[in-house]
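S.K.: This is start34.tsv (TSV, C-alpha atoms).
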chain	number	residue	atom	x	y	z
A	133	MET	CA	-35.13	-24.16	-0.63
A	134	ASN	CA	-38.35	-26.15	-0.21
A	135	GLU	CA	-39.99	-28.38	-2.82
A	136	LYS	CA	-42.54	-25.75	-3.85
A	137	GLN	CA	-39.82	-23.18	-4.42
A	138	SER	CA	-37.76	-25.64	-6.49
A	139	GLU	CA	-40.73	-26.39	-8.72
A	140	THR	CA	-41.37	-22.70	-9.27
A	141	GLU	CA	-37.70	-22.15	-10.12
A	142	LEU	CA	-37.75	-25.06	-12.54
A	143	GLU	CA	-40.94	-23.81	-14.20
A	144	ARG	CA	-39.41	-20.37	-14.53
A	145	TRP	CA	-36.30	-21.90	-16.08
A	146	PHE	CA	-38.36	-23.89	-18.61
A	147	GLU	CA	-40.37	-20.78	-19.46
A	148	MET	CA	-37.15	-18.85	-19.99
A	149	GLN	CA	-35.81	-21.58	-22.30
A	150	ARG	CA	-39.06	-21.56	-24.29
A	151	ASP	CA	-38.92	-17.77	-24.59
A	152	ASP	CA	-35.28	-17.88	-25.72
A	153	LEU	CA	-36.14	-20.54	-28.26
A	154	ASP	CA	-39.07	-18.53	-29.55
A	155	THR	CA	-37.02	-15.31	-29.86
A	156	GLY	CA	-34.19	-17.31	-31.43
A	157	ARG	CA	-36.55	-18.74	-34.06
A	158	ARG	CA	-37.81	-15.28	-34.93
A	159	LEU	CA	-34.26	-14.00	-35.25
A	160	ALA	CA	-33.13	-16.99	-37.31
A	161	LYS	CA	-36.03	-16.56	-39.72
A	162	ALA	CA	-35.52	-12.83	-40.10
A	163	LEU	CA	-31.73	-12.79	-40.24
A	164	GLY	CA	-31.54	-15.78	-42.58
A	165	ALA	CA	-32.15	-13.28	-45.39
A	166	TYR	CA	-28.55	-12.09	-45.03
A	167	ARG	CA	-27.34	-15.39	-46.44
A	168	GLN	CA	-28.98	-14.71	-49.80
A	169	THR	CA	-26.49	-13.79	-52.48
A	170	ARG	CA	-26.85	-12.25	-55.90
A	171	PRO	CA	-27.48	-14.80	-58.65
A	172	HIS	CA	-24.28	-16.56	-59.75
A	173	PHE	CA	-22.08	-14.95	-57.09
A	174	LYS	CA	-21.57	-18.20	-55.24
A	175	GLU	CA	-20.93	-20.16	-58.45
A	176	ALA	CA	-18.53	-17.61	-59.89
A	177	MET	CA	-16.67	-17.32	-56.61
A	178	TYR	CA	-16.27	-21.09	-56.51
A	179	LEU	CA	-14.95	-21.04	-60.03
A	180	GLN	CA	-12.22	-18.56	-59.21
A	181	LEU	CA	-11.29	-20.33	-55.97
A	182	GLN	CA	-10.74	-23.60	-57.76
A	183	ALA	CA	-8.77	-21.76	-60.45
A	184	SER	CA	-6.66	-20.11	-57.78
A	185	LEU	CA	-6.08	-23.40	-55.97
A	186	LYS	CA	-5.05	-24.95	-59.27
A	187	ARG	CA	-2.64	-22.10	-59.94
A	188	ARG	CA	-1.12	-22.34	-56.46
A	189	GLN	CA	-0.61	-26.06	-56.78
A	190	ARG	CA	0.93	-25.81	-60.25
A	191	PRO	CA	4.56	-25.05	-59.26
A	192	GLU	CA	4.79	-28.51	-57.68
A	193	ASP	CA	3.46	-30.13	-60.84
A	194	GLU	CA	5.56	-28.16	-63.30
A	195	VAL	CA	8.41	-29.92	-65.03
A	196	ARG	CA	11.45	-27.77	-64.30
A	197	PRO	CA	14.46	-27.61	-66.69
A	198	ALA	CA	16.59	-29.75	-64.37
A	199	THR	CA	13.90	-32.43	-64.27
A	200	LEU	CA	13.56	-32.22	-68.03
A	201	LEU	CA	17.31	-32.69	-68.47
A	202	ARG	CA	17.27	-35.63	-66.06
A	203	GLN	CA	14.46	-37.21	-68.06
A	204	ILE	CA	16.42	-36.76	-71.31
A	205	LEU	CA	19.59	-38.16	-69.82
A	206	LYS	CA	17.65	-41.08	-68.41
A	207	ARG	CA	16.22	-41.84	-71.82
A	208	LEU	CA	19.66	-41.56	-73.43
A	209	ASN	CA	21.05	-43.85	-70.78
A	210	VAL	CA	18.39	-46.41	-71.63
A	211	ILE	CA	19.50	-46.23	-75.27
A	212	VAL	CA	23.17	-46.66	-74.32
A	213	GLU	CA	22.24	-49.62	-72.11
A	214	GLY	CA	20.17	-50.93	-74.99
A	215	GLY	CA	23.21	-50.59	-77.20
A	216	ALA	CA	25.14	-52.90	-74.88
A	217	ARG	CA	22.56	-55.57	-75.54
A	218	MET	CA	22.83	-55.26	-79.32
A	219	SER	CA	23.47	-58.35	-81.38
A	220	THR	CA	27.07	-59.21	-82.32
A	221	SER	CA	26.57	-58.23	-85.97
A	222	THR	CA	25.10	-54.83	-85.04
A	223	ARG	CA	27.93	-54.17	-82.56
A	224	ARG	CA	30.38	-55.01	-85.28
A	225	TRP	CA	28.63	-52.51	-87.60
A	226	TRP	CA	28.90	-49.79	-84.94
A	227	LYS	CA	32.60	-50.58	-84.43
A	228	VAL	CA	33.26	-50.56	-88.16
A	229	HIS	CA	31.47	-47.23	-88.65
A	230	PRO	CA	32.46	-44.92	-85.76
A	231	VAL	CA	31.34	-41.82	-87.72
A	232	TRP	CA	27.85	-43.23	-88.05
A	233	GLN	CA	27.92	-44.11	-84.39
A	234	GLY	CA	28.43	-40.44	-83.45
A	235	ALA	CA	25.92	-39.14	-85.99
A	236	MET	CA	23.23	-41.58	-84.88
A	237	ALA	CA	23.77	-40.71	-81.21
A	238	VAL	CA	23.31	-36.98	-81.97
A	239	LEU	CA	20.23	-37.68	-84.09
A	240	LEU	CA	18.69	-39.86	-81.40
A	241	ALA	CA	19.36	-37.21	-78.75
A	242	VAL	CA	17.59	-34.57	-80.88
A	243	VAL	CA	14.59	-36.85	-81.48
A	244	VAL	CA	14.31	-37.71	-77.78
A	245	LEU	CA	14.66	-34.02	-76.77
A	246	LEU	CA	11.92	-32.91	-79.18
A	247	GLY	CA	9.68	-35.76	-78.08
A	248	THR	CA	10.09	-34.97	-74.38
A	249	VAL	CA	9.48	-31.22	-74.84
A	250	GLY	CA	6.37	-32.03	-76.89
A	251	ALA	CA	5.07	-34.39	-74.22
A	252	VAL	CA	5.63	-31.81	-71.47
A	253	ALA	CA	3.93	-29.10	-73.50
A	254	ARG	CA	0.93	-31.34	-74.13
A	255	ALA	CA	0.68	-32.26	-70.45
A	256	ASN	CA	1.02	-28.62	-69.31
A	257	PRO	CA	-0.49	-26.36	-71.98
A	258	GLU	CA	0.59	-23.25	-70.05
A	259	VAL	CA	4.26	-24.17	-70.60
A	260	ALA	CA	3.71	-23.79	-74.30
A	261	SER	CA	0.98	-21.14	-74.43
A	262	ASP	CA	1.99	-19.20	-71.30
A	263	ILE	CA	-1.55	-19.28	-69.90
A	264	VAL	CA	-1.48	-19.40	-66.13
A	265	VAL	CA	-5.09	-20.27	-65.39
A	266	PHE	CA	-7.71	-21.67	-67.64
A	267	MET	CA	-10.99	-22.99	-66.39
A	268	GLU	CA	-14.49	-23.49	-67.69
A	269	ARG	CA	-17.76	-24.10	-65.98
A	270	VAL	CA	-21.36	-24.13	-67.11
A	271	LEU	CA	-23.67	-21.69	-65.29
A	272	ASP	CA	-27.32	-21.81	-66.32
A	273	GLY	CA	-26.38	-23.36	-69.62
A	274	ARG	CA	-23.74	-20.71	-70.38
A	275	THR	CA	-20.09	-21.58	-70.41
A	276	VAL	CA	-18.13	-19.20	-68.23
A	277	THR	CA	-14.43	-19.12	-68.90
A	278	VAL	CA	-11.69	-17.71	-66.71
A	279	VAL	CA	-8.46	-16.96	-68.51
A	280	THR	CA	-5.56	-15.41	-66.69
A	281	GLY	CA	-2.51	-14.71	-68.75
A	282	PRO	CA	1.04	-13.84	-67.71
A	283	LEU	CA	1.90	-10.62	-65.91
A	284	SER	CA	4.08	-8.32	-67.99
A	285	ASP	CA	6.97	-6.29	-66.54
A	286	SER	CA	5.11	-3.02	-67.02
A	287	GLU	CA	2.00	-4.46	-65.33
A	288	ARG	CA	4.19	-5.60	-62.46
A	289	ASP	CA	5.70	-2.11	-62.06
A	290	THR	CA	2.25	-0.51	-62.24
A	291	ALA	CA	0.90	-2.94	-59.63
A	292	ILE	CA	3.75	-2.12	-57.23
A	293	ARG	CA	3.19	1.61	-57.76
A	294	ILE	CA	-0.59	1.35	-57.13
A	295	ALA	CA	-0.11	-0.91	-54.11
A	296	THR	CA	2.56	1.14	-52.38
A	297	SER	CA	0.97	4.54	-53.02
A	298	ASP	CA	-2.47	3.60	-51.69
A	299	PRO	CA	-3.32	5.29	-48.35
A	300	ARG	CA	-4.60	2.00	-46.93
A	301	THR	CA	-1.24	0.33	-47.59
A	302	GLN	CA	0.64	3.25	-46.09
A	303	GLU	CA	-1.57	3.16	-43.01
A	304	ALA	CA	-1.08	-0.60	-42.70
A	305	LEU	CA	2.70	-0.31	-42.99
A	306	GLY	CA	2.78	2.65	-40.61
A	307	GLY	CA	5.93	4.08	-42.14
A	308	ALA	CA	7.88	0.83	-41.72
A	309	GLN	CA	10.56	-0.15	-44.24
A	310	TYR	CA	9.33	-2.78	-46.64
A	311	THR	CA	10.38	-4.90	-49.57
A	312	VAL	CA	8.22	-6.26	-52.36
A	313	SER	CA	8.48	-10.02	-51.93
A	314	GLU	CA	6.01	-11.18	-54.57
A	315	VAL	CA	3.81	-9.82	-57.33
A	316	THR	CA	1.42	-12.29	-58.80
A	317	LEU	CA	-1.69	-12.43	-60.89
A	318	LEU	CA	-4.79	-13.59	-59.05
A	319	PRO	CA	-8.04	-14.86	-60.51
A	320	PRO	CA	-10.64	-12.07	-60.77
A	321	THR	CA	-12.83	-11.30	-57.79
A	322	PHE	CA	-16.14	-11.70	-59.53
A	323	SER	CA	-17.08	-10.74	-63.01
A	324	VAL	CA	-19.16	-12.59	-65.54
A	325	SER	CA	-19.79	-10.62	-68.69
A	326	PRO	CA	-23.04	-11.12	-70.65
A	327	GLU	CA	-21.05	-13.22	-73.10
A	328	GLY	CA	-19.87	-15.38	-70.23
A	329	TRP	CA	-16.19	-14.52	-70.55
A	330	ILE	CA	-13.72	-13.17	-68.06
A	331	THR	CA	-10.61	-12.28	-69.97
A	332	THR	CA	-7.24	-10.90	-69.11
A	333	SER	CA	-7.93	-7.61	-70.86
A	334	GLU	CA	-11.21	-7.10	-69.00
A	335	TYR	CA	-10.13	-7.92	-65.49
A	336	ARG	CA	-6.65	-8.08	-64.01
A	337	VAL	CA	-6.42	-8.68	-60.29
A	338	VAL	CA	-2.91	-8.65	-58.88
A	339	GLY	CA	-1.61	-9.53	-55.43
A	340	VAL	CA	1.42	-7.61	-54.16
A	341	TRP	CA	3.18	-9.09	-51.13
A	342	LEU	CA	5.00	-6.51	-48.99
A	343	GLN	CA	7.43	-7.66	-46.34
A	344	ALA	CA	7.86	-5.22	-43.43
A	345	GLY	CA	9.95	-6.74	-40.66
A	346	ASP	CA	8.20	-9.93	-39.53
A	347	SER	CA	4.88	-8.86	-41.04
A	348	THR	CA	3.68	-9.57	-44.54
A	349	TRP	CA	0.96	-7.40	-46.04
A	350	ILE	CA	-0.95	-8.48	-49.11
A	351	VAL	CA	-2.38	-5.78	-51.33
A	352	ARG	CA	-5.01	-7.01	-53.77
A	353	LEU	CA	-5.67	-4.58	-56.60
A	354	ASP	CA	-7.37	-4.37	-59.95
A	355	LEU	CA	-5.04	-3.24	-62.71
A	356	HIS	CA	-7.97	-2.49	-64.98
A	357	THR	CA	-9.40	0.18	-62.67
A	358	GLY	CA	-6.06	1.02	-61.07
A	359	LYS	CA	-7.59	0.69	-57.61
A	360	VAL	CA	-6.66	-1.27	-54.51
A	361	ILE	CA	-9.37	-3.75	-53.50
A	362	THR	CA	-8.14	-4.91	-50.09
A	363	VAL	CA	-5.09	-4.67	-47.87
A	364	TYR	CA	-4.63	-7.35	-45.28
A	365	GLN	CA	-1.97	-8.88	-43.13
A	366	GLU	CA	-0.86	-12.42	-43.80
A	367	GLU	CA	-1.12	-14.55	-40.70
A	368	GLY	CA	1.68	-16.84	-39.64
A	369	ASP	CA	1.10	-20.61	-39.63
B	173	MET	CA	-7.82	-39.42	-59.82
B	174	LYS	CA	-9.70	-36.75	-57.85
B	175	ASP	CA	-7.75	-33.86	-56.39
B	176	SER	CA	-8.30	-34.09	-52.63
B	177	ALA	CA	-7.49	-30.40	-51.97
B	178	SER	CA	-9.96	-29.31	-54.61
B	179	GLU	CA	-12.56	-31.74	-53.30
B	180	ARG	CA	-12.09	-30.65	-49.67
B	181	LEU	CA	-12.31	-26.99	-50.67
B	182	GLY	CA	-15.49	-27.75	-52.63
B	183	GLN	CA	-17.15	-29.48	-49.68
B	184	PHE	CA	-16.17	-26.76	-47.23
B	185	TYR	CA	-17.26	-24.04	-49.63
B	186	GLU	CA	-20.65	-25.65	-50.23
B	187	GLN	CA	-21.27	-25.93	-46.51
B	188	TYR	CA	-19.98	-22.57	-45.32
B	189	PHE	CA	-19.99	-20.04	-48.15
B	190	SER	CA	-23.51	-18.68	-47.50
B	191	ARG	CA	-22.89	-18.60	-43.76
B	192	VAL	CA	-19.70	-16.57	-44.13
B	193	TYR	CA	-21.31	-14.30	-46.70
B	194	GLY	CA	-24.35	-13.88	-44.43
B	195	TYR	CA	-22.18	-12.93	-41.47
B	196	VAL	CA	-20.21	-10.37	-43.50
B	197	ARG	CA	-23.43	-9.01	-45.06
B	198	TYR	CA	-24.93	-8.69	-41.58
B	199	LYS	CA	-21.90	-6.67	-40.46
B	200	VAL	CA	-21.29	-4.33	-43.40
B	201	ASN	CA	-23.59	-1.91	-45.06
B	202	ASP	CA	-23.40	-2.62	-48.74
B	203	LEU	CA	-23.73	-5.57	-51.03
B	204	THR	CA	-20.55	-4.99	-53.05
B	205	THR	CA	-18.40	-4.67	-49.93
B	206	ALA	CA	-19.91	-7.86	-48.54
B	207	GLU	CA	-19.13	-9.71	-51.76
B	208	ASP	CA	-15.62	-8.33	-51.88
B	209	LEU	CA	-14.83	-9.13	-48.27
B	210	THR	CA	-16.28	-12.64	-48.60
B	211	ALA	CA	-14.19	-13.14	-51.73
B	212	SER	CA	-11.11	-11.99	-49.79
B	213	VAL	CA	-11.82	-14.42	-46.95
B	214	PHE	CA	-12.03	-17.37	-49.32
B	215	MET	CA	-9.03	-16.19	-51.36
B	216	ARG	CA	-7.00	-16.17	-48.15
B	217	LEU	CA	-8.31	-19.63	-47.39
B	218	VAL	CA	-7.00	-20.83	-50.76
B	219	GLU	CA	-3.64	-19.11	-50.20
B	220	ARG	CA	-3.26	-21.03	-46.95
B	221	PHE	CA	-5.15	-24.12	-47.97
B	222	ASP	CA	-2.14	-26.42	-48.19
B	223	GLY	CA	-1.49	-25.91	-44.48
B	224	LEU	CA	-5.09	-25.55	-43.34
B	225	ARG	CA	-6.71	-28.46	-45.14
B	226	ARG	CA	-5.02	-30.97	-42.85
B	227	HIS	CA	-6.89	-29.48	-39.90
B	228	GLU	CA	-10.24	-30.68	-38.60
B	229	GLU	CA	-13.36	-28.96	-39.88
B	230	GLU	CA	-13.83	-27.12	-36.57
B	231	ALA	CA	-10.40	-25.51	-36.95
B	232	LEU	CA	-11.18	-24.50	-40.53
B	233	VAL	CA	-14.50	-22.97	-39.43
B	234	ARG	CA	-12.73	-21.07	-36.66
B	235	TRP	CA	-10.08	-19.81	-39.07
B	236	VAL	CA	-12.58	-18.70	-41.70
B	237	PHE	CA	-14.93	-16.86	-39.33
B	238	THR	CA	-12.06	-15.27	-37.40
B	239	THR	CA	-10.63	-14.05	-40.70
B	240	ALA	CA	-14.06	-12.73	-41.75
B	241	HIS	CA	-14.46	-11.01	-38.39
B	242	ASN	CA	-11.00	-9.41	-38.64
B	243	MET	CA	-11.61	-8.30	-42.20
B	244	VAL	CA	-14.85	-6.59	-41.21
B	245	ILE	CA	-13.04	-4.81	-38.36
B	246	ASP	CA	-10.27	-3.84	-40.76
B	247	HIS	CA	-12.85	-2.56	-43.23
B	248	TYR	CA	-14.43	-0.28	-40.63
B	249	ARG	CA	-11.08	0.79	-39.25
B	250	THR	CA	-9.81	1.89	-42.63
B	251	ARG	CA	-13.09	3.48	-43.64
B	252	ARG	CA	-13.71	5.08	-40.26
B	253	GLU	CA	-17.33	4.03	-40.39
B	254	ARG	CA	-19.53	3.04	-37.52
B	255	LEU	CA	-21.22	-0.33	-37.72
B	256	SER	CA	-24.95	0.16	-38.06
B	257	LEU	CA	-27.54	-2.40	-38.98
B	258	GLU	CA	-29.94	0.36	-39.98
B	259	THR	CA	-27.76	1.36	-42.90
B	260	LEU	CA	-28.28	-2.06	-44.46
B	261	ILE	CA	-31.44	-0.91	-46.16
B	262	GLU	CA	-29.63	2.08	-47.65
B	263	GLY	CA	-27.06	-0.37	-48.93
B	264	GLY	CA	-29.70	-2.16	-50.97
B	265	TRP	CA	-30.55	-5.01	-48.64
B	266	GLN	CA	-33.93	-6.56	-49.29
B	267	PRO	CA	-35.51	-9.11	-46.99
B	268	GLN	CA	-36.61	-12.43	-48.41
B	269	GLN	CA	-40.06	-12.11	-49.99
B	270	GLU	CA	-42.83	-14.31	-48.68
B	271	GLU	CA	-45.36	-15.77	-51.08
B	272	ASN	CA	-48.20	-14.78	-48.79
B	273	PRO	CA	-48.51	-10.94	-48.71
B	274	GLU	CA	-50.04	-10.96	-45.22
B	275	GLN	CA	-47.20	-13.02	-43.85
B	276	ASP	CA	-44.78	-10.79	-45.72
B	277	ALA	CA	-46.22	-7.64	-44.13
B	278	LEU	CA	-46.09	-9.26	-40.71
B	279	ARG	CA	-42.54	-10.31	-41.29
B	280	GLN	CA	-41.55	-6.84	-42.43
B	281	ASP	CA	-42.89	-5.41	-39.16
B	282	THR	CA	-41.02	-8.04	-37.17
B	283	LEU	CA	-37.85	-7.33	-39.12
B	284	THR	CA	-38.08	-3.60	-38.53
B	285	SER	CA	-38.57	-4.15	-34.80
B	286	LEU	CA	-35.80	-6.73	-34.64
B	287	ARG	CA	-33.41	-4.47	-36.48
B	288	GLN	CA	-34.06	-1.66	-34.04
B	289	ARG	CA	-33.59	-3.98	-31.09
B	290	LEU	CA	-30.38	-5.44	-32.49
B	291	GLY	CA	-28.99	-1.95	-32.96
B	292	GLU	CA	-29.39	-1.37	-29.23
B	293	LEU	CA	-27.16	-4.32	-28.31
B	294	SER	CA	-23.42	-4.05	-27.77
B	295	GLU	CA	-21.16	-4.88	-30.72
B	296	ARG	CA	-20.11	-8.13	-29.07
B	297	GLU	CA	-23.73	-9.14	-28.58
B	298	GLN	CA	-24.56	-8.23	-32.16
B	299	ASP	CA	-21.58	-10.25	-33.28
B	300	ILE	CA	-22.64	-13.34	-31.36
B	301	ILE	CA	-26.25	-12.99	-32.57
B	302	GLY	CA	-24.91	-12.84	-36.15
B	303	LEU	CA	-22.71	-15.89	-35.72
B	304	LYS	CA	-25.58	-17.80	-34.11
B	305	PHE	CA	-28.59	-16.87	-36.22
B	306	VAL	CA	-27.08	-15.79	-39.54
B	307	SER	CA	-24.12	-18.16	-39.75
B	308	GLN	CA	-25.85	-20.92	-37.76
B	309	LEU	CA	-22.75	-21.74	-35.75
B	310	THR	CA	-22.93	-23.76	-32.55
B	311	ASN	CA	-22.04	-22.13	-29.23
B	312	ARG	CA	-18.79	-24.08	-29.26
B	313	GLN	CA	-17.89	-22.76	-32.72
B	314	ILE	CA	-18.79	-19.22	-31.66
B	315	ALA	CA	-16.57	-19.64	-28.61
B	316	GLY	CA	-13.73	-20.67	-30.93
B	317	VAL	CA	-14.19	-17.59	-33.11
B	318	THR	CA	-14.67	-15.04	-30.32
B	319	GLY	CA	-12.17	-16.46	-27.83
B	320	LEU	CA	-14.87	-16.67	-25.14
B	321	SER	CA	-15.80	-19.80	-23.24
B	322	GLU	CA	-18.79	-21.82	-24.42
B	323	ALA	CA	-20.65	-21.03	-21.17
B	324	ASN	CA	-19.94	-17.33	-21.61
B	325	VAL	CA	-21.33	-17.42	-25.16
B	326	ALA	CA	-24.51	-19.08	-23.87
B	327	GLN	CA	-24.84	-16.44	-21.15
B	328	ILE	CA	-24.36	-13.53	-23.56
B	329	LEU	CA	-26.85	-15.07	-25.98
B	330	HIS	CA	-29.41	-15.57	-23.25
B	331	ARG	CA	-29.04	-11.98	-22.01
B	332	ALA	CA	-29.23	-10.58	-25.54
B	333	LEU	CA	-32.33	-12.63	-26.38
B	334	ARG	CA	-34.00	-11.56	-23.15
B	335	ARG	CA	-33.29	-7.91	-23.87
B	336	ILE	CA	-34.62	-8.21	-27.41
B	337	ARG	CA	-37.74	-9.99	-26.13
B	338	GLU	CA	-38.39	-7.39	-23.44
B	339	ARG	CA	-37.97	-4.52	-25.86
B	340	LEU	CA	-40.25	-6.19	-28.38
B	341	LYS	CA	-42.91	-6.65	-25.70
B	342	GLU	CA	-42.55	-2.99	-24.68
B	343	GLY	CA	-43.00	-2.05	-28.32
B	344	GLU	CA	-46.09	-4.20	-28.66
B	345	LYS	CA	-47.64	-2.62	-25.51
B	346	ALA	CA	-46.90	0.87	-26.75
Reformat the file's structure so that it appears as structure tokens.
M.R.:
Amino acid sequence: MNEKQSETELERWFEMQRDDLDTGRRLAKALGAYRQTRPHFKEAMYLQLQASLKRRQRPEDEVRPATLLRQILKRLNVIVEGGARMSTSTRRWWKVHPVWQGAMAVLLAVVVLLGTVGAVARANPEVASDIVVFMERVLDGRTVTVVTGPLSDSERDTAIRIATSDPRTQEALGGAQYTVSEVTLLPPTFSVSPEGWITTSEYRVVGVWLQAGDSTWIVRLDLHTGKVITVYQEEGD
Amino acid sequence: MKDSASERLGQFYEQYFSRVYGYVRYKVNDLTTAEDLTASVFMRLVERFDGLRRHEEEALVRWVFTTAHNMVIDHYRTRRERLSLETLIEGGWQPQQEENPEQDALRQDTLTSLRQRLGELSEREQDIIGLKFVSQLTNRQIAGVTGLSEANVAQILHRALRRIRERLKEGEKA
């Protein structure tokens, strides 16, 4: 290839790049419109994602009964140890009055138990009020609240029935044997009422996990409408 | 103390939500389905976030767009519908309005022509065009999502752009 030919080739290449760039710009400008969402969709979606993340992280943060008992025993132990450091006169009083010793120990245990349960309930309101998710965010000056309450047994049964009878689920499973591994309440897909509230009675989205062999299928459905929203396969890590 | 998972999710969401939504909207024919599928993609992200958040951003991007791509395929498979960009308008899609009416009219014409040209491309080409110009992914990111090599993505893009350009020129002449 001579020098003249190389130059022509190079010019052609540059021209091609310019053309591609020009067409690309036109496409980018035109197709950018697809990224536009309805007002508040992005905000509301973010709200429910954070709520969902919070809900998924909660089991690790929850104080389980065993932990609670350990905490109580630890506190009692501190008191017993404290008792060993009592003054001579106080020890003598305890020895002289063994009945009081027993009564006071029981009373102290009750006080400590009530105090610990109260502290746990204050730290985790859902332990006391049974609310799974509670989140607030201001959108355009309105406070939008997501409240997701506990799933009742009848709701759970209904969710399993809706999930397993849906044609999409049956097609996904392809006649394979399955077991229901989890039924859980999920934050709503997207719904902001004019009053700015999303409540449990208005919107109940449930996830049903179906285990078929090595595959896990997740059926997301709305209990309020009784319809399946999506069926998808959970990917392995 | 700030929750790092929540913070990471927030940053990722802010950066990629519109791009994922745009890609899904580009691929499906109605607004509600696009919203629902996008919601499903991000819900799955949250379900797996404990494992995924330790990955680099590139891996997260790959995971999210691959999931979106698979969900769109799943959507069409279950609904037995054919992907068509033309049906977007029937689904309520409205292009962004320009302030200048003349520019707007010009843009509408361009959009109509582009839409027709895009419909003539193969599904893979349409997919790559969507990932590139709607989701604004780099060729490397597109390669990660589609499983093609970066060079192959560049080649397909170049061919697709050339075909669109040629058809547009033919249209202008006619």
S.K.: Point out the residue among B:Leu286, B:Ala211, B:Leu329, B:Leu320 with the least atom-to-atom distance to Lys341 in chain B, counting all atoms listed in the file.
M.R.: B:Leu286
S.K.: What is the CA of Gln308 in chain B to CA of Thr239 in chain B distance in Å?
M.R.: 17.0 Å
S.K.: What are the residues of chain B that have an atom within 7 Å of an atom of chain A, counting all atoms listed in the file, as a ChimeraX atom specification?
M.R.: /B:178,190-191,193-194,197-198,211,215,218,250,267-268,283,305-306,330,333-334,337
S.K.: Based on the selection just made, write C-alpha atoms of those residues as a JSON list (two decimals), in the coordinates of the input.
M.R.:
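The result, stored in result09.json:
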[["chain", "number", "residue", "atom", "x", "y", "z"],
["B", 178, "SER", "CA", -9.96, -29.31, -54.61],
["B", 190, "SER", "CA", -23.51, -18.68, -47.50],
["B", 191, "ARG", "CA", -22.89, -18.60, -43.76],
["B", 193, "TYR", "CA", -21.31, -14.30, -46.70],
["B", 194, "GLY", "CA", -24.35, -13.88, -44.43],
["B", 197, "ARG", "CA", -23.43, -9.01, -45.06],
["B", 198, "TYR", "CA", -24.93, -8.69, -41.58],
["B", 211, "ALA", "CA", -14.19, -13.14, -51.73],
["B", 215, "MET", "CA", -9.03, -16.19, -51.36],
["B", 218, "VAL", "CA", -7.00, -20.83, -50.76],
["B", 250, "THR", "CA", -9.81, 1.89, -42.63],
["B", 267, "PRO", "CA", -35.51, -9.11, -46.99],
["B", 268, "GLN", "CA", -36.61, -12.43, -48.41],
["B", 283, "LEU", "CA", -37.85, -7.33, -39.12],
["B", 305, "PHE", "CA", -28.59, -16.87, -36.22],
["B", 306, "VAL", "CA", -27.08, -15.79, -39.54],
["B", 330, "HIS", "CA", -29.41, -15.57, -23.25],
["B", 333, "LEU", "CA", -32.33, -12.63, -26.38],
["B", 334, "ARG", "CA", -34.00, -11.56, -23.15],
["B", 337, "ARG", "CA", -37.74, -9.99, -26.13]]
S.K.: Would you compute the distance between CA of His227 in chain B and CA of Trp341 in chain A? Give it in Å to one decimal.
M.R.: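 Separation between CA of His227 in chain B and CA of Trp341 in chain A: 25.4 Å.
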S.K.: What's the separation between CA of Ser176 in chain B and CA of Phe214 in chain B, in Å to one decimal place?
M.R.: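 Computing it gives 17.4 Å between the two atoms.
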S.K.: Do you know which residues are at most 12 Å from Asn324 in chain B counting only C-alpha atoms, after dropping those on the same chain fewer than 4 positions away, and could you put them as a list of chain:residue names?
M.R.: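 My reading of the contact set: B:Arg296, B:Glu297, B:Ile300, B:Asn311, B:Arg312, B:Ile314, B:Ala315, B:Gly316, B:Thr318, B:Gly319, B:Leu320, B:Ile328, B:Leu329, B:His330, B:Arg331.
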S.K.: Could you turn the residues from that selection into a file that holds C-alpha atoms, as a PDB file, in the frame of the given file?
M.R.:
ATOM      1  CA  ARG B 296     -20.110  -8.130 -29.070  1.00  0.00           C
ATOM      2  CA  GLU B 297     -23.730  -9.140 -28.580  1.00  0.00           C
ATOM      3  CA  ILE B 300     -22.640 -13.340 -31.360  1.00  0.00           C
ATOM      4  CA  ASN B 311     -22.040 -22.130 -29.230  1.00  0.00           C
ATOM      5  CA  ARG B 312     -18.790 -24.080 -29.260  1.00  0.00           C
ATOM      6  CA  ILE B 314     -18.790 -19.220 -31.660  1.00  0.00           C
ATOM      7  CA  ALA B 315     -16.570 -19.640 -28.610  1.00  0.00           C
ATOM      8  CA  GLY B 316     -13.730 -20.670 -30.930  1.00  0.00           C
ATOM      9  CA  THR B 318     -14.670 -15.040 -30.320  1.00  0.00           C
ATOM     10  CA  GLY B 319     -12.170 -16.460 -27.830  1.00  0.00           C
ATOM     11  CA  LEU B 320     -14.870 -16.670 -25.140  1.00  0.00           C
ATOM     12  CA  ILE B 328     -24.360 -13.530 -23.560  1.00  0.00           C
ATOM     13  CA  LEU B 329     -26.850 -15.070 -25.980  1.00  0.00           C
ATOM     14  CA  HIS B 330     -29.410 -15.570 -23.250  1.00  0.00           C
ATOM     15  CA  ARG B 331     -29.040 -11.980 -22.010  1.00  0.00           C
TER      16      ARG B 331
END
S.K.: Kindly provide, as number ranges by chain, the polymer residues lying within 12 Å of (4.0, -3.9, -60.6), counting only C-alpha atoms and using the coordinates exactly as they appear in the file.
M.R.: A: 283-297, 312-317, 336-342, 351-355, 358
